>>> print(open('work31.txt').read())   # compact mmCIF, C-alpha atoms
# COMPACT_ATOMS: atom_id res chain seq x y z
CA MET A 1 11.30 43.90 5.16
CA ARG A 2 14.42 44.22 3.03
CA LEU A 3 17.02 46.63 4.30
CA ILE A 4 20.63 47.75 4.32
CA LEU A 5 22.18 48.78 7.64
CA LEU A 6 24.90 51.44 7.48
CA GLY A 7 27.10 53.07 10.08
CA PRO A 8 30.72 53.37 11.17
CA PRO A 9 32.56 50.64 13.08
CA GLY A 10 31.53 50.80 16.73
CA ALA A 11 28.11 52.33 15.98
CA GLY A 12 26.30 49.31 17.41
CA LYS A 13 25.10 47.86 14.09
CA GLY A 14 25.52 44.29 15.30
CA THR A 15 23.37 44.86 18.38
CA GLN A 16 20.63 46.63 16.43
CA ALA A 17 20.75 44.06 13.61
CA LYS A 18 19.86 41.39 16.19
CA PHE A 19 16.80 43.37 17.33
CA ILE A 20 15.68 44.02 13.74
CA ARG A 21 16.13 40.35 12.78
CA GLU A 22 14.00 39.26 15.72
CA LYS A 23 11.34 41.93 15.14
CA PHE A 24 10.81 41.11 11.45
CA GLY A 25 11.89 37.45 11.39
CA ILE A 26 14.49 37.96 8.66
CA PRO A 27 18.05 36.66 8.19
CA GLN A 28 21.14 38.84 8.46
CA ILE A 29 23.37 38.69 5.40
CA SER A 30 27.03 39.66 5.75
CA THR A 31 29.96 39.32 3.37
CA GLY A 32 31.89 37.10 5.77
CA ASP A 33 28.98 34.71 6.28
CA MET A 34 28.38 34.43 2.53
CA LEU A 35 32.05 33.76 1.78
CA ARG A 36 32.34 31.08 4.48
CA ALA A 37 29.09 29.40 3.40
CA ALA A 38 30.10 29.37 -0.27
CA VAL A 39 33.50 27.80 0.48
CA LYS A 40 31.94 25.23 2.81
CA ALA A 41 29.24 24.30 0.25
CA GLY A 42 31.87 23.72 -2.43
CA THR A 43 29.73 25.28 -5.16
CA PRO A 44 31.44 26.52 -8.35
CA LEU A 45 31.24 30.02 -6.92
CA GLY A 46 32.59 28.76 -3.59
CA THR A 47 35.55 27.14 -5.34
CA GLU A 48 36.29 30.45 -7.05
CA VAL A 49 36.07 32.28 -3.70
CA LYS A 50 38.46 29.77 -2.07
CA LYS A 51 41.06 30.32 -4.80
CA VAL A 52 40.93 34.09 -4.28
CA LEU A 53 41.13 33.84 -0.49
CA ASP A 54 43.91 31.25 -0.56
CA ALA A 55 45.90 33.62 -2.76
CA GLY A 56 45.44 36.36 -0.17
CA GLN A 57 43.55 38.56 -2.62
CA LEU A 58 40.42 40.66 -2.20
CA VAL A 59 37.18 39.14 -3.46
CA SER A 60 35.94 41.11 -6.47
CA ASP A 61 32.67 43.03 -6.59
CA ASP A 62 31.42 40.63 -9.29
CA ILE A 63 31.83 37.66 -6.95
CA ILE A 64 30.22 39.52 -4.03
CA ILE A 65 27.15 40.37 -6.13
CA ALA A 66 26.95 36.79 -7.43
CA LEU A 67 27.03 35.58 -3.81
CA VAL A 68 24.25 38.03 -2.90
CA LYS A 69 22.02 36.82 -5.73
CA GLU A 70 22.69 33.18 -4.80
CA ARG A 71 21.96 33.87 -1.10
CA LEU A 72 18.66 35.62 -1.84
CA LYS A 73 17.35 32.49 -3.59
CA GLN A 74 17.33 30.61 -0.28
CA PRO A 75 13.92 30.08 1.41
CA ASP A 76 14.71 32.08 4.55
CA CYS A 77 14.96 35.25 2.43
CA ALA A 78 11.38 34.97 1.15
CA GLY A 79 10.07 37.36 3.82
CA GLY A 80 12.97 39.79 3.64
CA TYR A 81 16.58 40.19 4.69
CA LEU A 82 19.04 42.53 6.39
CA PHE A 83 22.32 43.40 4.67
CA ASP A 84 25.14 44.15 7.10
CA GLY A 85 28.39 45.22 5.46
CA VAL A 86 26.94 44.69 2.00
CA PRO A 87 27.34 46.77 -0.11
CA ARG A 88 30.63 48.21 1.12
CA THR A 89 31.47 50.42 -1.86
CA ILE A 90 29.71 52.49 -4.52
CA PRO A 91 30.49 49.95 -7.31
CA GLN A 92 28.86 47.21 -5.20
CA ALA A 93 25.82 49.42 -4.55
CA GLU A 94 25.48 50.22 -8.25
CA ALA A 95 25.86 46.54 -9.16
CA MET A 96 23.13 45.57 -6.66
CA ARG A 97 20.86 48.25 -8.09
CA ASP A 98 21.53 47.12 -11.66
CA ALA A 99 20.91 43.48 -10.62
CA LYS A 100 17.49 44.60 -9.27
CA VAL A 101 18.26 43.46 -5.72
CA ALA A 102 15.17 44.70 -3.88
CA VAL A 103 15.74 47.02 -0.91
CA ASP A 104 12.91 48.72 1.00
CA TYR A 105 14.95 50.75 3.47
CA VAL A 106 18.49 51.98 4.03
CA LEU A 107 18.95 52.67 7.73
CA GLU A 108 21.97 54.69 8.87
CA ILE A 109 23.05 54.63 12.51
CA ASP A 110 24.86 57.93 13.00
CA VAL A 111 27.51 58.27 15.72
CA PRO A 112 30.14 61.06 15.81
CA ALA A 113 33.74 59.93 15.29
CA GLU A 114 34.79 61.25 18.72
CA GLU A 115 32.21 59.01 20.40
CA ILE A 116 33.31 55.99 18.35
CA ILE A 117 36.90 56.52 19.51
CA VAL A 118 35.81 56.72 23.17
CA ARG A 119 33.63 53.61 22.81
CA MET A 120 36.23 51.43 21.12
CA SER A 121 39.50 52.61 22.65
CA GLY A 122 38.04 52.23 26.14
CA ARG A 123 37.37 48.51 25.75
CA ARG A 124 39.39 46.10 27.89
CA ALA A 125 39.27 42.30 27.91
CA HIS A 126 40.18 39.31 30.07
CA LEU A 127 41.23 37.00 27.28
CA ALA A 128 41.07 33.71 29.20
CA SER A 129 37.40 34.10 30.13
CA GLY A 130 36.14 36.43 27.40
CA ARG A 131 34.89 38.93 29.99
CA THR A 132 34.89 42.48 28.68
CA TYR A 133 34.95 45.87 30.37
CA HIS A 134 35.03 49.54 29.45
CA VAL A 135 37.12 52.08 31.31
CA LYS A 136 34.25 54.60 31.21
CA PHE A 137 30.97 52.72 30.76
CA ASN A 138 31.64 49.40 32.52
CA PRO A 139 34.87 49.67 34.53
CA PRO A 140 36.34 46.80 36.55
CA LYS A 141 36.25 47.11 40.35
CA VAL A 142 40.03 47.56 40.33
CA ALA A 143 41.55 49.43 37.38
CA ASP A 144 43.03 47.15 34.74
CA GLN A 145 42.18 43.95 36.66
CA ASP A 146 39.59 41.26 35.99
CA ASP A 147 36.84 41.29 38.66
CA VAL A 148 36.89 37.51 39.13
CA THR A 149 40.55 36.51 38.89
CA GLY A 150 42.40 39.77 39.49
CA GLU A 151 44.45 39.04 36.39
CA PRO A 152 45.49 41.94 34.15
CA LEU A 153 43.15 43.17 31.43
CA VAL A 154 44.36 43.88 27.91
CA GLN A 155 43.44 46.29 25.16
CA ARG A 156 43.04 44.41 21.87
CA ASP A 157 44.99 45.77 18.92
CA ASP A 158 41.72 46.49 17.07
CA ASP A 159 40.64 48.76 19.94
CA ARG A 160 43.77 50.92 20.09
CA GLU A 161 43.00 54.55 19.29
CA GLU A 162 45.31 54.72 16.27
CA THR A 163 43.71 51.56 14.83
CA VAL A 164 40.19 52.90 15.43
CA LYS A 165 41.11 56.15 13.66
CA LYS A 166 42.43 54.20 10.66
CA ARG A 167 39.22 52.15 10.49
CA LEU A 168 37.18 55.36 10.58
CA ASP A 169 39.32 56.80 7.77
CA VAL A 170 38.59 53.69 5.66
CA TYR A 171 34.88 54.00 6.46
CA ARG A 172 34.81 57.68 5.45
CA ALA A 173 36.63 56.94 2.19
CA GLN A 174 34.82 53.77 1.09
CA THR A 175 31.53 53.32 2.89
CA ARG A 176 30.37 56.77 3.95
CA PRO A 177 29.74 57.72 0.27
CA LEU A 178 27.00 55.04 0.28
CA VAL A 179 24.95 57.29 2.56
CA GLU A 180 25.02 60.00 -0.12
CA PHE A 181 24.38 57.45 -2.89
CA TYR A 182 21.24 56.09 -1.25
CA GLY A 183 20.12 59.50 -0.04
CA ARG A 184 20.20 60.90 -3.58
CA TRP A 185 18.50 57.82 -5.00
CA ALA A 186 15.71 58.00 -2.41
CA ASP A 187 15.23 61.76 -2.96
CA ALA A 188 14.94 61.18 -6.70
CA GLY A 189 11.95 58.90 -6.12
CA ALA A 190 13.06 56.61 -8.92
CA PRO A 191 11.31 53.24 -9.35
CA GLY A 192 12.79 50.69 -6.97
CA ALA A 193 14.52 53.34 -4.86
CA PRO A 194 14.67 52.46 -1.15
CA LYS A 195 13.53 54.80 1.61
CA TYR A 196 16.50 56.33 3.43
CA ARG A 197 16.30 56.74 7.20
CA LYS A 198 18.91 58.14 9.59
CA ILE A 199 18.82 57.70 13.36
CA SER A 200 21.12 58.77 16.18
CA GLY A 201 23.24 55.99 17.62
CA LEU A 202 23.68 57.84 20.94
CA GLY A 203 21.84 56.84 24.11
CA SER A 204 20.88 53.51 25.61
CA VAL A 205 20.63 50.32 23.55
CA GLU A 206 16.86 50.37 24.12
CA ASP A 207 16.54 54.00 22.95
CA ILE A 208 18.42 53.22 19.74
CA ARG A 209 16.36 50.07 19.20
CA ASN A 210 13.12 52.05 19.54
CA ARG A 211 14.37 54.65 17.06
CA ALA A 212 15.36 51.94 14.59
CA ILE A 213 12.02 50.14 14.76
CA ALA A 214 10.11 53.45 14.49
CA ALA A 215 12.17 54.46 11.44
CA LEU A 216 11.19 51.21 9.70
CA ALA A 217 7.48 51.50 10.47
>>> encode(input="work31.txt", output="structure tokens")
Amino acid sequence: MRLILLGPPGAGKGTQAKFIREKFGIPQISTGDMLRAAVKAGTPLGTEVKKVLDAGQLVSDDIIIALVKERLKQPDCAGGYLFDGVPRTIPQAEAMRDAKVAVDYVLEIDVPAEEIIVRMSGRRAHLASGRTYHVKFNPPKVADQDDVTGEPLVQRDDDREETVKKRLDVYRAQTRPLVEFYGRWADAGAPGAPKYRKISGLGSVEDIRNRAIAALA
């Protein structure tokens, strides 16, 4: 099983990726993990990555694709792999296609933007303990207070509505076009084209998990 997982921030990709990894016994491959591993390993590619990151620059598509190809040579990828956050742009997707990176399925978890905003902007956290709440789905016993200590809860900057909207704008501009890219490629039935599947990301975690597994059957 070799697949790419797509969906907006807050769609629950991380949760579903865990279920898929366990179901098929495959590793999850993310850009962040690859970059950290390359730097830690001190490979020539890792040294190049470190220079770019230390300079505060964005890692180029060429380096990302080189990291992907290097990662797929590792033994744990023999039975498949799950890409999360890779590719992120059309040039990366085209480069992976041209490099003959095998993909069986592209699975999109679809959640409306309004729901994403409710999910993410409603999060609250007790920073000292790591306990998390949601004003709608998992509220504390007393509004804005941690259940255990009574200390005030905070809304992380990443969860503020204006920040969430900006992240969704970036997703629509950069990553959403991948859905159309893979959809067209799958419809064309070209050799090596992955199957494209779209599921709803609404409902319980278990419902979404069952939809994901069924879509990959």
>>> residues_near_point(input="work31.txt", point="(16.2, 50.2, 1.7)", cutoff="12 Å", atoms="all atoms listed in the file", output="ChimeraX atom specification")
/A:1-6,80-83,87,93,96-97,101-108,178-179,181-183,185-186,192-198,215-216
>>> residues_around(input="work31.txt", residues="Val205 (chain A)", least_positions_apart="6", cutoff="9 Å", atoms="all atoms listed in the file", output="list in words")
Gly12, Thr15 and Gln16 of chain A
>>> residues_around(input="work31.txt", residues="Arg119 (chain A)", least_positions_apart="6", cutoff="10 Å", atoms="all atoms listed in the file", output="JSON, numbers by chain")
{"A": [10, 11, 113, 134, 135, 136, 137, 159, 164]}
>>> residues_near_point(input="work31.txt", point="(20.2, 53.5, 16.8)", cutoff="9 Å", atoms="only C-alpha atoms", output="ChimeraX atom specification")
/A:11-13,16,108-111,198-212
>>> closest_residue(input="work31.txt", among="A:Glu151, A:Leu72, A:Arg124, A:Ser60", to="Pro139 (chain A)", atoms="only C-alpha atoms")
A:Arg124
>>> axis_aligned_box(input="work31.txt", around="region 52-69 of chain A", padding_each_side="8 Å", output="lines of an AutoDock Vina configuration file")
center_x = 34.0
center_y = 37.1
center_z = -4.7
size_x = 39.9
size_y = 27.8
size_z = 25.1
>>> residues_around(input="work31.txt", residues="Gln155 (chain A)", least_positions_apart="5", cutoff="8 Å", atoms="only C-alpha atoms", output="ChimeraX atom specification")
/A:121,123-125,160
>>> atom_distance(input="work31.txt", atom1="CA of Glu180 (chain A)", atom2="CA of Asp61 (chain A)")
19.7 Å
>>> atom_distance(input="work31.txt", atom1="CA of Pro152 (chain A)", atom2="CA of Val118 (chain A)")
20.8 Å
>>> atom_distance(input="work31.txt", atom1="CA of Glu162 (chain A)", atom2="CA of Val86 (chain A)")
25.3 Å
>>> closest_residue(input="work31.txt", among="A:Ile90, A:Ala99, A:Ala128, A:Ala78", to="Ala173 (chain A)", atoms="all atoms listed in the file")
A:Ile90
>>> closest_residue(input="work31.txt", among="A:Gly85, A:Asp33, A:Asp76, A:Gly46", to="Arg176 (chain A)", atoms="only C-alpha atoms")
A:Gly85
>>> residues_around(input="work31.txt", residues="region 34-45 of chain A", least_positions_apart="5", cutoff="8 Å", atoms="all atoms listed in the file", output="PyMOL selection string")
chain A and resi 29+50+63+67-68+71
>>> closest_residue(input="work31.txt", among="A:Ile64, A:Pro91, A:Thr31, A:Arg167", to="Glu48 (chain A)", atoms="all atoms listed in the file")
A:Ile64
